[in-house]
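Engineer: What follows is work.txt; its format and atoms are compact mmCIF, C-alpha atoms.
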# COMPACT_ATOMS: atom_id res chain seq x y z
CA MET A 1020 13.11 34.21 -55.85
CA LYS A 1021 15.47 33.99 -58.82
CA LYS A 1022 16.78 30.57 -59.84
CA TRP A 1023 20.24 30.55 -61.35
CA ARG A 1024 21.69 27.66 -63.30
CA GLU A 1025 24.25 25.56 -61.49
CA VAL A 1026 27.58 24.52 -62.99
CA ARG A 1027 30.49 22.35 -61.91
CA LEU A 1028 33.18 24.42 -60.25
CA GLY A 1029 35.72 22.77 -62.52
CA GLU A 1030 33.95 24.20 -65.58
CA VAL A 1031 34.36 27.81 -64.46
CA CYS A 1032 37.90 27.61 -63.06
CA GLU A 1033 41.18 27.88 -64.94
CA LYS A 1034 43.09 26.35 -62.04
CA ILE A 1035 42.41 23.93 -59.18
CA GLY A 1036 45.56 22.40 -57.74
CA SER A 1037 47.77 21.93 -54.69
CA GLY A 1038 51.53 22.08 -54.18
CA ALA A 1039 54.19 20.23 -52.24
CA THR A 1040 56.61 20.58 -49.34
CA PRO A 1041 60.24 21.12 -50.42
CA ARG A 1042 62.58 18.22 -49.70
CA GLY A 1043 64.15 18.50 -46.29
CA GLY A 1044 61.00 19.60 -44.48
CA LYS A 1045 61.62 22.23 -41.82
CA GLU A 1046 65.32 22.32 -42.65
CA ALA A 1047 64.41 23.70 -46.09
CA TYR A 1048 62.65 26.77 -44.68
CA HIS A 1049 64.21 30.24 -44.58
CA THR A 1050 63.54 33.41 -42.59
CA SER A 1051 62.84 35.37 -45.77
CA GLY A 1052 62.22 34.77 -49.45
CA ILE A 1053 59.09 33.47 -51.15
CA SER A 1054 56.14 32.62 -48.91
CA LEU A 1055 55.17 28.96 -48.59
CA ILE A 1056 51.56 28.89 -47.47
CA ARG A 1057 50.50 25.94 -45.32
CA SER A 1058 47.16 24.90 -43.89
CA GLN A 1059 47.81 26.73 -40.60
CA ASN A 1060 47.91 30.01 -42.55
CA VAL A 1061 44.47 29.46 -44.11
CA LEU A 1062 41.65 30.37 -41.73
CA ASP A 1063 37.96 30.86 -42.42
CA PHE A 1064 37.73 34.06 -44.51
CA SER A 1065 41.15 35.30 -43.37
CA PHE A 1066 44.85 34.66 -43.92
CA SER A 1067 47.14 34.26 -40.90
CA GLU A 1068 50.84 35.04 -41.09
CA ASP A 1069 51.44 33.09 -37.86
CA GLY A 1070 53.88 30.33 -38.67
CA LEU A 1071 54.38 31.54 -42.24
CA VAL A 1072 57.60 30.08 -43.67
CA TYR A 1073 59.72 30.99 -46.68
CA ILE A 1074 61.57 29.17 -49.43
CA ASP A 1075 64.30 30.31 -51.81
CA GLU A 1076 64.12 30.92 -55.56
CA GLU A 1077 65.36 27.44 -56.44
CA GLN A 1078 62.74 25.74 -54.28
CA ALA A 1079 60.05 28.07 -55.58
CA GLY A 1080 61.04 27.24 -59.15
CA LYS A 1081 60.16 23.61 -58.51
CA LEU A 1082 56.70 24.77 -57.42
CA LYS A 1083 56.10 27.24 -60.24
CA ASN A 1084 52.87 25.44 -61.16
CA VAL A 1085 51.37 26.50 -57.81
CA CYS A 1086 52.25 30.18 -57.86
CA VAL A 1087 49.64 32.17 -55.93
CA GLU A 1088 48.24 35.11 -57.88
CA PRO A 1089 46.35 38.10 -56.43
CA SER A 1090 42.77 37.21 -55.40
CA ASP A 1091 43.32 33.45 -55.72
CA VAL A 1092 41.13 31.40 -53.37
CA LEU A 1093 43.08 29.10 -51.04
CA LEU A 1094 41.30 26.01 -49.71
CA ASN A 1095 42.62 23.60 -47.09
CA ILE A 1096 42.17 20.08 -48.42
CA THR A 1097 43.48 17.75 -45.67
CA GLY A 1098 43.48 17.28 -41.91
CA ASP A 1099 41.51 18.95 -39.14
CA SER A 1100 41.54 22.32 -40.91
CA VAL A 1101 40.00 20.92 -44.09
CA ALA A 1102 37.51 23.21 -45.90
CA ARG A 1103 38.84 26.45 -44.45
CA ALA A 1104 39.17 29.02 -47.24
CA CYS A 1105 40.53 32.53 -47.69
CA MET A 1106 42.40 34.91 -49.95
CA VAL A 1107 45.93 36.13 -49.25
CA GLU A 1108 46.89 39.79 -49.11
CA ASP A 1109 49.27 41.05 -51.79
CA GLU A 1110 51.93 41.85 -49.18
CA PHE A 1111 52.60 38.10 -48.76
CA LEU A 1112 53.11 37.53 -52.49
CA PRO A 1113 54.93 36.03 -54.31
CA ALA A 1114 53.90 32.75 -52.71
CA ARG A 1115 53.54 29.01 -53.25
CA VAL A 1116 51.33 26.46 -51.45
CA ASN A 1117 52.15 23.04 -50.03
CA GLN A 1118 50.26 19.80 -50.61
CA HIS A 1119 47.64 20.56 -47.97
CA VAL A 1120 46.37 23.73 -49.69
CA ALA A 1121 44.64 24.05 -53.06
CA ILE A 1122 44.63 27.12 -55.28
CA ILE A 1123 41.27 27.85 -56.90
CA ARG A 1124 41.27 30.44 -59.67
CA GLY A 1125 38.09 31.27 -61.59
CA LYS A 1126 37.85 32.24 -65.23
CA LYS A 1127 37.71 36.03 -65.06
CA ASP A 1128 35.05 36.44 -67.75
CA ILE A 1129 32.69 33.99 -66.01
CA ILE A 1130 33.08 34.07 -62.24
CA LEU A 1131 34.61 36.23 -59.49
CA ASN A 1132 37.12 34.59 -57.16
CA SER A 1133 35.56 36.37 -54.21
CA TYR A 1134 32.18 34.90 -55.18
CA ILE A 1135 33.78 31.44 -55.16
CA LEU A 1136 35.26 32.12 -51.71
CA TYR A 1137 31.92 33.10 -50.19
CA PHE A 1138 30.22 30.12 -51.80
CA LEU A 1139 32.80 27.65 -50.47
CA GLN A 1140 32.51 29.09 -46.99
CA MET A 1141 28.73 28.78 -47.16
CA ARG A 1142 29.13 25.15 -48.26
CA LYS A 1143 31.76 24.31 -45.62
CA PRO A 1144 29.50 21.83 -43.73
CA ASN A 1145 28.95 19.94 -46.98
CA LEU A 1146 32.65 19.98 -47.80
CA LEU A 1147 33.44 18.62 -44.34
CA MET A 1148 31.04 15.72 -44.86
CA LEU A 1149 32.50 15.12 -48.30
CA SER A 1150 36.05 15.09 -46.94
CA ALA A 1151 35.19 12.53 -44.26
CA GLY A 1152 33.60 9.98 -46.57
CA GLY A 1153 35.24 6.61 -46.04
CA ALA A 1154 38.73 7.91 -45.28
CA THR A 1155 40.83 7.67 -42.12
CA ARG A 1156 42.09 11.23 -42.70
CA LYS A 1157 39.83 14.03 -43.84
CA ALA A 1158 40.66 15.03 -47.40
CA LEU A 1159 39.22 16.83 -50.39
CA THR A 1160 40.52 15.63 -53.75
CA LYS A 1161 40.84 17.72 -56.89
CA GLN A 1162 37.96 15.76 -58.40
CA MET A 1163 35.73 16.46 -55.41
CA ILE A 1164 36.39 20.18 -55.71
CA GLU A 1165 35.83 20.21 -59.45
CA ASP A 1166 32.50 18.39 -59.02
CA VAL A 1167 31.07 20.91 -56.54
CA MET A 1168 27.99 22.51 -58.07
CA ILE A 1169 27.85 26.31 -57.81
CA PRO A 1170 25.01 28.70 -58.78
CA LEU A 1171 26.12 31.07 -61.53
CA PRO A 1172 24.38 34.45 -61.81
CA SER A 1173 25.73 37.14 -64.10
CA LEU A 1174 29.02 38.87 -63.27
CA CYS A 1175 27.04 41.99 -62.46
CA THR A 1176 24.91 40.11 -59.91
CA GLN A 1177 27.99 38.38 -58.48
CA THR A 1178 29.60 41.79 -57.99
CA LYS A 1179 26.56 43.07 -56.06
CA ILE A 1180 26.41 39.97 -53.87
CA VAL A 1181 30.12 40.26 -53.09
CA LYS A 1182 29.74 43.98 -52.35
CA LEU A 1183 27.17 43.31 -49.60
CA LEU A 1184 29.31 40.61 -48.04
CA ASP A 1185 32.56 42.56 -48.43
CA ASP A 1186 31.10 45.47 -46.47
CA ILE A 1187 30.64 43.14 -43.50
CA GLN A 1188 33.99 41.44 -44.04
CA LYS A 1189 35.85 44.76 -44.12
CA ARG A 1190 34.37 45.72 -40.75
CA LEU A 1191 35.44 42.35 -39.36
CA GLN A 1192 38.96 42.82 -40.68
CA CYS A 1193 39.12 46.39 -39.36
CA ASN A 1194 38.27 45.17 -35.86
CA GLU A 1195 40.88 42.42 -36.18
CA ARG A 1196 43.54 44.96 -37.15
CA ILE A 1197 42.56 47.22 -34.25
CA ASN A 1198 42.76 44.28 -31.85
CA LYS A 1199 46.15 43.24 -33.14
CA ASN A 1200 47.42 46.78 -32.61
CA LEU A 1201 45.93 46.94 -29.10
CA GLU A 1202 47.54 43.65 -28.14
CA GLN A 1203 50.89 44.83 -29.51
CA GLN A 1204 50.66 48.01 -27.44
CA ALA A 1205 49.89 46.05 -24.28
CA GLN A 1206 52.67 43.59 -25.05
CA ALA A 1207 55.13 46.46 -25.50
CA ILE A 1208 54.30 47.64 -21.97
CA PHE A 1209 54.78 44.07 -20.69
CA LYS A 1210 58.20 43.88 -22.33
CA SER A 1211 59.20 47.32 -21.02
CA TRP A 1212 58.25 46.45 -17.44
CA PHE A 1213 58.93 42.75 -17.07
CA VAL A 1214 61.68 41.99 -19.60
CA ASP A 1215 63.72 45.20 -19.91
CA PHE A 1216 62.76 46.58 -16.45
CA GLU A 1217 62.74 50.10 -17.90
CA PRO A 1218 60.66 51.70 -15.08
CA PHE A 1219 63.07 50.11 -12.56
CA ASP A 1220 66.41 51.41 -13.89
CA GLY A 1221 67.00 48.24 -15.91
CA ARG A 1222 67.09 45.91 -12.90
CA MET A 1223 64.53 43.56 -11.40
CA PRO A 1224 63.16 45.12 -8.17
CA CYS A 1225 64.24 43.42 -4.96
CA ASP A 1226 60.64 42.83 -3.82
CA TRP A 1227 59.99 40.54 -6.81
CA SER A 1228 60.56 36.82 -6.48
CA PHE A 1229 60.98 33.60 -8.43
CA GLY A 1230 58.46 30.81 -8.40
CA THR A 1231 56.48 28.45 -10.61
CA LEU A 1232 53.21 28.72 -12.47
CA GLU A 1233 51.29 27.12 -9.61
CA ASP A 1234 52.20 30.20 -7.51
CA PHE A 1235 50.09 32.36 -9.86
CA GLY A 1236 46.85 30.46 -9.61
CA LYS A 1237 44.10 29.82 -7.15
CA GLU A 1238 44.27 26.57 -9.07
CA ILE A 1239 45.51 25.10 -12.33
CA ILE A 1240 42.83 23.13 -14.14
CA CYS A 1241 43.36 20.50 -16.79
CA GLY A 1242 40.18 20.21 -18.83
CA LYS A 1243 38.11 17.13 -19.52
CA THR A 1244 35.55 16.11 -22.14
CA PRO A 1245 32.15 15.04 -20.79
CA PRO A 1246 30.96 11.71 -22.28
CA THR A 1247 30.07 12.44 -25.89
CA LYS A 1248 27.51 9.64 -25.91
CA ARG A 1249 25.43 11.68 -23.49
CA LYS A 1250 23.83 13.98 -26.06
CA GLU A 1251 22.05 15.90 -23.31
CA TYR A 1252 25.45 17.17 -22.15
CA TYR A 1253 25.92 19.22 -25.33
CA GLY A 1254 24.14 21.92 -27.31
CA GLY A 1255 23.64 24.48 -24.55
CA HIS A 1256 25.20 27.91 -24.01
CA ILE A 1257 28.34 27.12 -21.99
CA PRO A 1258 31.50 27.38 -24.17
CA PHE A 1259 33.53 24.17 -24.42
CA VAL A 1260 37.00 25.22 -25.52
CA THR A 1261 39.17 23.06 -27.75
CA ILE A 1262 42.44 23.96 -29.49
CA PRO A 1263 40.84 25.10 -32.79
CA ASP A 1264 38.94 27.76 -30.81
CA MET A 1265 42.21 29.27 -29.59
CA HIS A 1266 43.89 30.18 -32.87
CA ASN A 1267 44.46 33.96 -33.18
CA GLN A 1268 42.09 34.73 -30.31
CA VAL A 1269 42.97 36.93 -27.32
CA TYR A 1270 39.59 36.15 -25.74
CA ILE A 1271 37.52 33.07 -26.51
CA THR A 1272 34.10 34.49 -27.30
CA GLU A 1273 32.74 31.56 -29.30
CA THR A 1274 33.50 27.87 -29.62
CA GLU A 1275 32.73 25.06 -32.03
CA ARG A 1276 30.91 23.13 -29.31
CA TYR A 1277 28.87 24.18 -26.29
CA LEU A 1278 27.88 22.32 -23.13
CA SER A 1279 24.44 22.23 -21.61
CA ASN A 1280 23.92 23.00 -17.92
CA GLU A 1281 23.84 19.25 -17.35
CA GLY A 1282 27.13 18.80 -19.19
CA ALA A 1283 28.88 21.47 -17.12
CA ALA A 1284 27.36 20.12 -13.90
CA TYR A 1285 28.79 16.67 -14.72
CA GLN A 1286 32.27 18.11 -13.98
CA PRO A 1287 31.77 21.31 -11.96
CA THR A 1288 35.44 21.50 -10.87
CA LYS A 1289 36.41 22.05 -14.52
CA THR A 1290 34.54 25.37 -14.87
CA LEU A 1291 36.78 28.37 -15.57
CA PRO A 1292 35.76 31.95 -14.63
CA LYS A 1293 36.32 34.99 -16.81
CA ASN A 1294 39.98 36.00 -17.30
CA SER A 1295 41.31 32.51 -16.72
CA ILE A 1296 44.24 31.87 -19.05
CA CYS A 1297 44.08 28.80 -21.30
CA VAL A 1298 47.27 27.22 -22.67
CA SER A 1299 47.29 24.38 -25.20
CA CYS A 1300 49.69 21.68 -23.99
CA ILE A 1301 49.00 18.62 -26.16
CA GLY A 1302 49.35 18.45 -29.93
CA THR A 1303 49.32 22.04 -31.19
CA ALA A 1304 50.95 23.39 -28.05
CA GLY A 1305 51.80 26.90 -26.90
CA LEU A 1306 48.58 28.67 -27.90
CA VAL A 1307 47.32 31.14 -25.28
CA SER A 1308 43.85 32.67 -24.89
CA MET A 1309 41.70 34.17 -22.15
CA ILE A 1310 38.22 33.15 -21.05
CA SER A 1311 35.47 35.74 -21.62
CA GLN A 1312 32.73 33.94 -19.62
CA ASP A 1313 32.30 30.79 -17.53
CA SER A 1314 33.62 27.96 -19.72
CA GLN A 1315 35.15 24.51 -19.71
CA THR A 1316 37.93 23.01 -21.84
CA ASN A 1317 39.01 19.61 -23.05
CA GLN A 1318 42.01 17.69 -21.72
CA GLN A 1319 44.50 19.17 -24.19
CA ILE A 1320 44.38 22.51 -22.36
CA ASN A 1321 45.78 23.54 -18.97
CA SER A 1322 44.29 26.73 -17.52
CA ILE A 1323 45.43 29.12 -14.80
CA VAL A 1324 42.77 30.73 -12.60
CA PRO A 1325 44.76 33.72 -11.27
CA LYS A 1326 44.81 34.70 -7.61
CA GLU A 1327 43.34 38.11 -6.74
CA SER A 1328 46.86 39.53 -6.32
CA ILE A 1329 47.95 38.32 -9.76
CA SER A 1330 47.26 40.29 -12.93
CA PRO A 1331 45.57 38.02 -15.49
CA TYR A 1332 47.08 40.20 -18.22
CA TYR A 1333 50.57 39.60 -16.85
CA VAL A 1334 49.90 35.84 -16.87
CA TYR A 1335 48.55 36.07 -20.44
CA PHE A 1336 51.72 37.68 -21.80
CA LEU A 1337 53.94 35.55 -19.57
CA MET A 1338 52.42 32.39 -21.05
CA LYS A 1339 52.84 33.72 -24.59
CA SER A 1340 56.52 34.31 -23.81
CA LEU A 1341 56.78 30.72 -22.54
CA SER A 1342 55.21 29.04 -25.58
CA GLU A 1343 58.57 27.72 -26.85
CA THR A 1344 59.35 26.39 -23.37
CA ILE A 1345 56.04 24.52 -23.33
CA ILE A 1346 56.75 22.96 -26.72
CA ARG A 1347 60.28 21.98 -25.64
CA LEU A 1348 59.27 20.48 -22.29
CA GLY A 1349 56.27 18.68 -23.72
CA GLY A 1350 58.10 17.31 -26.72
CA SER A 1351 61.14 15.78 -25.04
CA GLY A 1352 61.73 12.36 -26.54
CA SER A 1353 58.67 12.52 -28.77
CA THR A 1354 57.51 14.19 -31.96
CA ILE A 1355 54.14 14.91 -30.32
CA VAL A 1356 53.97 17.61 -27.64
CA ASN A 1357 52.33 16.36 -24.46
CA LEU A 1358 52.84 18.49 -21.35
CA ASN A 1359 50.81 17.25 -18.38
CA LYS A 1360 49.36 19.40 -15.61
CA GLY A 1361 52.14 18.56 -13.15
CA GLN A 1362 54.91 19.51 -15.57
CA PHE A 1363 53.02 22.64 -16.57
CA ALA A 1364 52.57 23.77 -12.95
CA LYS A 1365 56.32 23.47 -12.25
CA ILE A 1366 57.45 25.80 -15.05
CA GLU A 1367 59.57 28.54 -13.46
CA ALA A 1368 58.66 32.21 -13.80
CA THR A 1369 59.25 35.62 -12.25
CA ILE A 1370 56.62 36.86 -9.79
CA PRO A 1371 56.43 40.69 -9.69
CA SER A 1372 55.10 42.42 -6.62
CA ALA A 1373 51.34 42.72 -6.19
CA GLU A 1374 51.69 46.52 -6.42
CA THR A 1375 53.48 46.32 -9.77
CA MET A 1376 50.98 43.86 -11.19
CA ASN A 1377 48.10 46.04 -10.04
CA LYS A 1378 49.64 49.04 -11.84
CA PHE A 1379 50.14 46.88 -14.94
CA THR A 1380 46.47 45.84 -14.84
CA ASN A 1381 45.36 49.46 -14.61
CA ASN A 1382 47.52 50.34 -17.61
CA VAL A 1383 46.48 47.55 -19.97
CA SER A 1384 42.92 46.63 -18.92
CA PRO A 1385 41.42 49.33 -21.24
CA PHE A 1386 43.19 47.63 -24.17
CA PHE A 1387 41.77 44.25 -23.22
CA ASP A 1388 38.28 45.65 -22.64
CA LEU A 1389 38.24 47.09 -26.16
CA ILE A 1390 39.65 43.86 -27.61
CA LEU A 1391 36.81 41.90 -26.00
CA SER A 1392 34.22 44.41 -27.22
CA ASN A 1393 35.55 44.19 -30.78
CA GLN A 1394 35.60 40.40 -30.68
CA ARG A 1395 31.98 40.33 -29.53
CA GLU A 1396 31.01 42.73 -32.32
CA ASN A 1397 32.79 40.47 -34.79
CA HIS A 1398 30.84 37.50 -33.47
CA LYS A 1399 27.59 39.33 -34.28
CA LEU A 1400 28.88 40.43 -37.69
CA SER A 1401 29.94 36.87 -38.49
CA LYS A 1402 26.46 35.60 -37.65
CA LEU A 1403 24.93 38.30 -39.88
CA ARG A 1404 27.25 37.37 -42.74
CA ASP A 1405 26.54 33.66 -42.34
CA ALA A 1406 22.79 34.29 -42.26
CA LEU A 1407 22.94 36.40 -45.43
CA LEU A 1408 25.16 34.02 -47.39
CA PRO A 1409 22.60 31.33 -48.32
CA ARG A 1410 19.89 33.90 -49.04
CA LEU A 1411 22.19 35.86 -51.35
CA MET A 1412 23.60 32.77 -53.07
CA SER A 1413 20.13 31.38 -53.73
CA GLY A 1414 18.76 34.62 -55.16
CA GLU A 1415 16.25 34.95 -52.31
CA ILE A 1416 17.53 38.48 -51.64
CA ASP A 1417 17.13 40.84 -54.60
CA VAL A 1418 20.41 42.70 -55.14
CA SER A 1419 19.37 44.63 -58.23
CA SER A 1420 19.29 47.94 -56.35
CA VAL A 1421 22.76 47.51 -54.79
CA GLU A 1422 25.20 50.14 -56.01
CA THR A 1423 28.68 48.95 -56.93
Please, can you express the file's structure as structure tokens?

Structural biologist:
Amino acid sequence: MKKWREVRLGEVCEKIGSGATPRGGKEAYHTSGISLIRSQNVLDFSFSEDGLVYIDEEQAGKLKNVCVEPSDVLLNITGDSVARACMVEDEFLPARVNQHVAIIRGKKDIILNSYILYFLQMRKPNLLMLSAGGATRKALTKQMIEDVMIPLPSLCTQTKIVKLLDDIQKRLQCNERINKNLEQQAQAIFKSWFVDFEPFDGRMPCDWSFGTLEDFGKEIICGKTPPTKRKEYYGGHIPFVTIPDMHNQVYITETERYLSNEGAAYQPTKTLPKNSICVSCIGTAGLVSMISQDSQTNQQINSIVPKESISPYYVYFLMKSLSETIIRLGGSGSTIVNLNKGQFAKIEATIPSAETMNKFTNNVSPFFDLILSNQRENHKLSKLRDALLPRLMSGEIDVSSVET
């Protein structure tokens, strides 16, 4: 096994720094202009345009010292998303970052930015521990980042390491693009049928009705967290869904935490079957995902277990269309969204006929089946990538024969 010398990250970078939020907060944002990248846009290995906001030239000028260049590494440095890292696609440039995101730019003649990205993602558990040291809010300072020690092989070796990992990452991204397209196609059918009523001459059929969300479900379940002091309740194979697991996921195929059989049995009425629809209702509200296998959630999530006559795919898109309503109802009189199960259940909605929903299911279920298959493949690819990372970064795997 080759042993490469280690250097401080600060020694091999020409820039490590974060930005700021323009004065005026949300009122300063525009619908177009120069991208302002915030922590919610920086996911592990990937950039999300969800919630991307824009600033004008004058605001951007005040942040010219944090101009994002192609292939820059972006690292979240505060809050619950701390230590997530990615690169941003050129289509979102020019861009600036706010104070919660750091730009890391390596010296081109010494280190590849993509090599830095993979290294930081490999070291994420260490960065999380570092960020939590003695502070009430998780944070990584510039000094902490600069002091991270990174192995430094030759540029040629870095290129070969990155090539192996990029091949996996490109397949992951391809599946994500396919899934996004599939969801958009299914959503277009939903809009055509249930918003524009195109198959029904532009009018809602007379055999449809109005009701509330509780009319859709066998039951509506508000999750609960089993006692965390009971270590035997955790570490099994039953997904325990929390809000971070729901970001940009149609189906929840993996979670940060898992329950044991004992943990799930502690609260059996909280178990959700496949195709239940989860909706975040406290804190980061309005996220919607579907369950891919028997799971439980925490108390920040209300879930609908659809009746047999109700299309789960209709409920999925319905809840996505109601995300702003959930935020509004849950945030009345408070800056923090908190929509309880009773309020959630009473949200009004249109109930199509069972025949229409059955036809909708038949039309869109192939899309959802493929989405789930691709997500499961990505789960396997992610595990492969994560297993290779430390072996490649340590020199355990010989990359000399890799063609670039």

Engineer: With only C-alpha atoms as the counted atoms, please give the residues lying no more than 8 Å from segment 1063-1074 of chain A, apart from itself and same-chain residues fewer than 6 positions off, as a PDB file with C-alpha atoms, in the frame of the given file.

Structural biologist:
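Final output, part_22.pdb:
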ATOM      1  CA  ALA A1047      64.410  23.700 -46.090  1.00  0.00           C
ATOM      2  CA  TYR A1048      62.650  26.770 -44.680  1.00  0.00           C
ATOM      3  CA  HIS A1049      64.210  30.240 -44.580  1.00  0.00           C
ATOM      4  CA  THR A1050      63.540  33.410 -42.590  1.00  0.00           C
ATOM      5  CA  SER A1051      62.840  35.370 -45.770  1.00  0.00           C
ATOM      6  CA  GLY A1052      62.220  34.770 -49.450  1.00  0.00           C
ATOM      7  CA  ILE A1053      59.090  33.470 -51.150  1.00  0.00           C
ATOM      8  CA  SER A1054      56.140  32.620 -48.910  1.00  0.00           C
ATOM      9  CA  LEU A1055      55.170  28.960 -48.590  1.00  0.00           C
ATOM     10  CA  ILE A1056      51.560  28.890 -47.470  1.00  0.00           C
ATOM     11  CA  ARG A1057      50.500  25.940 -45.320  1.00  0.00           C
ATOM     12  CA  ARG A1103      38.840  26.450 -44.450  1.00  0.00           C
ATOM     13  CA  ALA A1104      39.170  29.020 -47.240  1.00  0.00           C
ATOM     14  CA  CYS A1105      40.530  32.530 -47.690  1.00  0.00           C
ATOM     15  CA  MET A1106      42.400  34.910 -49.950  1.00  0.00           C
ATOM     16  CA  VAL A1107      45.930  36.130 -49.250  1.00  0.00           C
ATOM     17  CA  GLU A1108      46.890  39.790 -49.110  1.00  0.00           C
ATOM     18  CA  LEU A1136      35.260  32.120 -51.710  1.00  0.00           C
ATOM     19  CA  GLN A1140      32.510  29.090 -46.990  1.00  0.00           C
TER      20      GLN A1140
END

Engineer: Residues within 12 Å of Ser1150 of chain A, please, as a list in words. Count all atoms listed in the file; anything in the same chain fewer than 6 positions from it doesn't count.

Structural biologist: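 Residues near the query, excluding close chain neighbours: Asn1095, Ile1096, Thr1097, Gly1098, Asp1099, Ser1100, Val1101, Ala1102, Arg1103, Lys1143, Pro1144, Arg1156, Lys1157, Ala1158, Leu1159, Thr1160, Lys1161, Gln1162, Met1163 and Ile1164 of chain A.
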
Engineer: Output C-alpha atoms for every residue in that selection, as a CSV table (one decimal), keeping the file's coordinate frame.

Structural biologist:
chain,number,residue,atom,x,y,z
A,1095,ASN,CA,42.6,23.6,-47.1
A,1096,ILE,CA,42.2,20.1,-48.4
A,1097,THR,CA,43.5,17.8,-45.7
A,1098,GLY,CA,43.5,17.3,-41.9
A,1099,ASP,CA,41.5,19.0,-39.1
A,1100,SER,CA,41.5,22.3,-40.9
A,1101,VAL,CA,40.0,20.9,-44.1
A,1102,ALA,CA,37.5,23.2,-45.9
A,1103,ARG,CA,38.8,26.4,-44.4
A,1143,LYS,CA,31.8,24.3,-45.6
A,1144,PRO,CA,29.5,21.8,-43.7
A,1156,ARG,CA,42.1,11.2,-42.7
A,1157,LYS,CA,39.8,14.0,-43.8
A,1158,ALA,CA,40.7,15.0,-47.4
A,1159,LEU,CA,39.2,16.8,-50.4
A,1160,THR,CA,40.5,15.6,-53.8
A,1161,LYS,CA,40.8,17.7,-56.9
A,1162,GLN,CA,38.0,15.8,-58.4
A,1163,MET,CA,35.7,16.5,-55.4
A,1164,ILE,CA,36.4,20.2,-55.7

Engineer: Looking at all atoms listed in the file, which of A:Lys1034, A:Lys1365, A:Lys1210, A:Arg1027 is the one that sits closest to Val1167 of chain A?

Structural biologist: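 Checking each of A:Lys1034, A:Lys1365, A:Lys1210, A:Arg1027 against Val1167 of chain A, counting all atoms listed in the file, the winner is A:Arg1027.
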
Engineer: Taking into account all atoms listed in the file, which residue in the set A:Arg1124, A:Lys1081, A:Lys1250, A:Arg1190 is nearest to Leu1093 of chain A?

Structural biologist: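 Closest to Leu1093 of chain A of all the choices is A:Arg1124.
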
Engineer: Point out the residue among A:Met1309, A:Ala1039, A:Ile1271, A:Ile1123 with the least atom-to-atom distance to Lys1083 of chain A, counting only C-alpha atoms.

Structural biologist: A:Ala1039

Engineer: Using only C-alpha atoms, which residues sit within 6 Å of Trp1023 of chain A once same-chain residues fewer than 3 positions away are excluded, as JSON, numbers by chain?

Structural biologist: {"A": [1170, 1171, 1172]}

Engineer: For C-alpha atoms, I'd like the residues from the last selection saved as a PDB file, keeping the file's coordinate frame.

Structural biologist:
ATOM      1  CA  PRO A1170      25.010  28.700 -58.780  1.00  0.00           C
ATOM      2  CA  LEU A1171      26.120  31.070 -61.530  1.00  0.00           C
ATOM      3  CA  PRO A1172      24.380  34.450 -61.810  1.00  0.00           C
TER       4      PRO A1172
END

Engineer: Have a look at A:Ser1401, A:Thr1244, A:Thr1288, A:Gln1206 and name the one nearest to Gln1318 of chain A; count only C-alpha atoms.

Structural biologist: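 When distances to Gln1318 of chain A are compared using only C-alpha atoms, the smallest one comes from A:Thr1244.
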
Engineer: With the cut-off set at 6 Å and counting all atoms listed in the file, tabulate each residue of segment 1326-1414 of chain A with an atom at most that distance from an atom of segment 1289-1302 of chain A, showing the nearest atom pair and its distance in Å to one decimal, ordered by chain and increasing number, as a tab-separated table.

Structural biologist:
residue	atom	partner	partner_atom	distance
A:Ile1355	CA	A:Gly1302	CA	6.0
A:Val1356	CA	A:Gly1302	CA	5.2
A:Asn1357	CA	A:Ile1301	CA	4.4
A:Leu1358	CA	A:Cys1300	CA	5.2

Engineer: Write out as JSON, numbers by chain the residues lying within 9 Å of Val1418 of chain A, counting all atoms listed in the file and excluding same-chain residues fewer than 5 positions away.

Structural biologist: {"A": [1176, 1179, 1180, 1183, 1411]}

Engineer: Mind giving me the straight-line distance from atom CA of Asn1194 of chain A to atom CA of Asn1393 of chain A in Å, one decimal?

Structural biologist: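 Computing the Euclidean distance for atom CA of Asn1194 of chain A and atom CA of Asn1393 of chain A yields 5.8 Å.
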
Engineer: Is it possible to get the residues within 12 Å of (43.1, 39.2, -4.3) (coordinates as in the file, counting all atoms listed in the file) written as a list in words?

Structural biologist: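 The requested residues, written out, are Phe1235, Gly1236, Lys1237, Val1324, Pro1325, Lys1326, Glu1327, Ser1328, Ile1329, Ser1330, Pro1331, Ala1373, Glu1374, Met1376 and Asn1377 of chain A.
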
Engineer: Now that the selection is made, can you save its residues with C-alpha atoms as a CSV table (one decimal), in the coordinates of the input?

Structural biologist:
chain,number,residue,atom,x,y,z
A,1235,PHE,CA,50.1,32.4,-9.9
A,1236,GLY,CA,46.8,30.5,-9.6
A,1237,LYS,CA,44.1,29.8,-7.2
A,1324,VAL,CA,42.8,30.7,-12.6
A,1325,PRO,CA,44.8,33.7,-11.3
A,1326,LYS,CA,44.8,34.7,-7.6
A,1327,GLU,CA,43.3,38.1,-6.7
A,1328,SER,CA,46.9,39.5,-6.3
A,1329,ILE,CA,48.0,38.3,-9.8
A,1330,SER,CA,47.3,40.3,-12.9
A,1331,PRO,CA,45.6,38.0,-15.5
A,1373,ALA,CA,51.3,42.7,-6.2
A,1374,GLU,CA,51.7,46.5,-6.4
A,1376,MET,CA,51.0,43.9,-11.2
A,1377,ASN,CA,48.1,46.0,-10.0

Engineer: Compare A:Thr1261, A:Ser1314, A:Thr1272, A:Ser1133 by their minimum atom-to-atom distance to Ser1090 of chain A, counting all atoms listed in the file, and give me the closest one.

Structural biologist: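 Under the stated criterion, the closest residue is A:Ser1133.
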